[in-house]
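Engineer: I am attaching a structure below and will ask some questions about it afterwards.
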Amino acid sequence: MSTTTPRPPRPARRWLRFLAIVTLIALLPFVVVGTTIAATGTVTVQVHERTEGVHLWLPVPALLFDVAAFVAPRLIPEQELASVHAELEPWRPALVEAVRALEDCPSGLLVEVVTASEHVRVSKDGRSFRVSVESPDVDVKVAVPARIARRALQALDLM
């Protein structure tokens, strides 16, 4: 009867295993952030200023707006918050219905205004609203997830 003891892993395999674990740990924050951004969406702002040639593209995770909506009512003084509630209370039913209707409406152009110097478009594209303003000196494009309006009303206890 022979007893054999298991051989320890070879150093090369230990090194590969260690490297794989370190790589997974290093990539974990990027996976979490990427998943969070994919789940909550992003607010993007594009500004193209024609005279100076400035082009700004700023993506902001929508999760930051959720955090702000949660924190802001706790930081705003009670008197100011009461004033906001008093001003918005008569509009509560209309605001709630508008948010629900906009969330449920199909994708497409919602509003378009054309003047001699500006072209403004508001549309819904899937789960996002897009606002585009074109003028002779600057173009501005903003994309916002539709759920942000609901979160804002919820943060103010209006919904």
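Ordering of the structure tokens sets the chain letters (A, B, ...); residue numbers start at 1 within each chain; ligands are numbered from 1 in the order shown.
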Find the residues near range 129-143 of chain A: any atom within 12 Å, counting only C-alpha atoms, skip ones fewer than 4 places away on the same chain, and give them as a VMD selection string.
Structural biologist: chain A and resid 41 to 62 99 102 to 103 105 to 125 147 to 149
Engineer: Keeping only C-alpha atoms, write the selected residues to a file as a PDB file, in the first residue's frame.
Structural biologist:
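Listed below is the output, selection-v6.pdb:
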ATOM      1  CA  GLY A  41     -27.387  55.734 -18.172  1.00  0.00           C
ATOM      2  CA  THR A  42     -25.506  58.937 -18.777  1.00  0.00           C
ATOM      3  CA  VAL A  43     -26.337  62.566 -19.230  1.00  0.00           C
ATOM      4  CA  THR A  44     -24.287  63.938 -22.102  1.00  0.00           C
ATOM      5  CA  VAL A  45     -23.679  67.551 -22.970  1.00  0.00           C
ATOM      6  CA  GLN A  46     -22.068  68.610 -26.235  1.00  0.00           C
ATOM      7  CA  VAL A  47     -21.197  72.224 -26.945  1.00  0.00           C
ATOM      8  CA  HIS A  48     -19.622  73.379 -30.187  1.00  0.00           C
ATOM      9  CA  GLU A  49     -18.801  77.070 -30.137  1.00  0.00           C
ATOM     10  CA  ARG A  50     -18.213  78.130 -33.728  1.00  0.00           C
ATOM     11  CA  THR A  51     -16.332  81.421 -33.364  1.00  0.00           C
ATOM     12  CA  GLU A  52     -13.610  80.095 -31.060  1.00  0.00           C
ATOM     13  CA  GLY A  53     -13.770  76.513 -32.293  1.00  0.00           C
ATOM     14  CA  VAL A  54     -14.286  75.151 -28.783  1.00  0.00           C
ATOM     15  CA  HIS A  55     -15.795  71.683 -28.715  1.00  0.00           C
ATOM     16  CA  LEU A  56     -16.855  70.235 -25.355  1.00  0.00           C
ATOM     17  CA  TRP A  57     -18.266  66.765 -24.831  1.00  0.00           C
ATOM     18  CA  LEU A  58     -19.125  65.907 -21.238  1.00  0.00           C
ATOM     19  CA  PRO A  59     -20.675  62.557 -20.270  1.00  0.00           C
ATOM     20  CA  VAL A  60     -21.908  62.408 -16.674  1.00  0.00           C
ATOM     21  CA  PRO A  61     -23.188  59.184 -15.090  1.00  0.00           C
ATOM     22  CA  ALA A  62     -26.886  59.590 -14.304  1.00  0.00           C
ATOM     23  CA  VAL A  99     -43.696  62.740 -16.348  1.00  0.00           C
ATOM     24  CA  LEU A 102     -43.375  61.395 -21.353  1.00  0.00           C
ATOM     25  CA  GLU A 103     -41.996  58.126 -19.979  1.00  0.00           C
ATOM     26  CA  CYS A 105     -44.646  58.038 -25.114  1.00  0.00           C
ATOM     27  CA  PRO A 106     -42.979  56.436 -28.118  1.00  0.00           C
ATOM     28  CA  SER A 107     -39.698  57.625 -29.554  1.00  0.00           C
ATOM     29  CA  GLY A 108     -39.917  60.566 -31.893  1.00  0.00           C
ATOM     30  CA  LEU A 109     -39.896  64.312 -32.255  1.00  0.00           C
ATOM     31  CA  LEU A 110     -41.763  66.074 -29.436  1.00  0.00           C
ATOM     32  CA  VAL A 111     -41.149  69.760 -30.159  1.00  0.00           C
ATOM     33  CA  GLU A 112     -39.413  71.669 -32.931  1.00  0.00           C
ATOM     34  CA  VAL A 113     -39.006  75.423 -33.085  1.00  0.00           C
ATOM     35  CA  VAL A 114     -37.358  77.164 -36.008  1.00  0.00           C
ATOM     36  CA  THR A 115     -36.640  80.882 -35.992  1.00  0.00           C
ATOM     37  CA  ALA A 116     -34.508  83.015 -38.264  1.00  0.00           C
ATOM     38  CA  SER A 117     -31.427  82.391 -36.117  1.00  0.00           C
ATOM     39  CA  GLU A 118     -32.098  79.218 -34.107  1.00  0.00           C
ATOM     40  CA  HIS A 119     -33.324  75.670 -34.540  1.00  0.00           C
ATOM     41  CA  VAL A 120     -34.474  73.851 -31.393  1.00  0.00           C
ATOM     42  CA  ARG A 121     -35.515  70.202 -31.303  1.00  0.00           C
ATOM     43  CA  VAL A 122     -36.737  68.142 -28.360  1.00  0.00           C
ATOM     44  CA  SER A 123     -37.164  64.443 -29.015  1.00  0.00           C
ATOM     45  CA  LYS A 124     -37.383  61.131 -27.257  1.00  0.00           C
ATOM     46  CA  ASP A 125     -35.011  58.404 -28.348  1.00  0.00           C
ATOM     47  CA  ARG A 147     -36.221  58.645 -15.510  1.00  0.00           C
ATOM     48  CA  ILE A 148     -34.361  61.694 -14.158  1.00  0.00           C
ATOM     49  CA  ALA A 149     -37.554  63.779 -14.203  1.00  0.00           C
TER      50      ALA A 149
END
Engineer: Could you give me, as a list in words, each residue of range 14-96 of chain A that DSSP assigns to strand (DSSP E or B) when run on this structure's backbone?
Structural biologist: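 Answer for range 14-96 of chain A restricted to strand (DSSP E or B) is Thr42, Val43, Thr44, Val45, Gln46, Val47, His48, Glu49, Val54, His55, Leu56, Trp57, Leu58, Pro59, Val60 and Pro61 of chain A.
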Engineer: Export, as a PDB file, in the first residue's frame, the selected residues with C-alpha atoms.
Structural biologist:
ATOM      1  CA  THR A  42     -25.506  58.937 -18.777  1.00  0.00           C
ATOM      2  CA  VAL A  43     -26.337  62.566 -19.230  1.00  0.00           C
ATOM      3  CA  THR A  44     -24.287  63.938 -22.102  1.00  0.00           C
ATOM      4  CA  VAL A  45     -23.679  67.551 -22.970  1.00  0.00           C
ATOM      5  CA  GLN A  46     -22.068  68.610 -26.235  1.00  0.00           C
ATOM      6  CA  VAL A  47     -21.197  72.224 -26.945  1.00  0.00           C
ATOM      7  CA  HIS A  48     -19.622  73.379 -30.187  1.00  0.00           C
ATOM      8  CA  GLU A  49     -18.801  77.070 -30.137  1.00  0.00           C
ATOM      9  CA  VAL A  54     -14.286  75.151 -28.783  1.00  0.00           C
ATOM     10  CA  HIS A  55     -15.795  71.683 -28.715  1.00  0.00           C
ATOM     11  CA  LEU A  56     -16.855  70.235 -25.355  1.00  0.00           C
ATOM     12  CA  TRP A  57     -18.266  66.765 -24.831  1.00  0.00           C
ATOM     13  CA  LEU A  58     -19.125  65.907 -21.238  1.00  0.00           C
ATOM     14  CA  PRO A  59     -20.675  62.557 -20.270  1.00  0.00           C
ATOM     15  CA  VAL A  60     -21.908  62.408 -16.674  1.00  0.00           C
ATOM     16  CA  PRO A  61     -23.188  59.184 -15.090  1.00  0.00           C
TER      17      PRO A  61
END
Engineer: Using DSSP on the backbone coordinates, identify the residues of range 3-155 of chain A assigned to helix (DSSP H, G or I); present them as a ChimeraX atom specification.
Structural biologist: /A:11-40,62-75,78-104,147-155
Engineer: Please determine, counting only C-alpha atoms, which residue among A:Pro29, A:Pro145, A:Gly34, A:Pro77 has the shortest atom-to-atom distance to Gly126 in chain A.
Structural biologist: A:Pro145
Engineer: Do you know which residues are at most 9 Å from Leu156 in chain A counting only C-alpha atoms, after dropping those on the same chain fewer than 2 positions away, and could you put them as a list of chain:residue names?
Structural biologist: A:Ala69, A:Pro73, A:Leu81, A:Val84, A:His85, A:Arg151, A:Ala152, A:Leu153, A:Gln154, A:Leu158, A:Met159
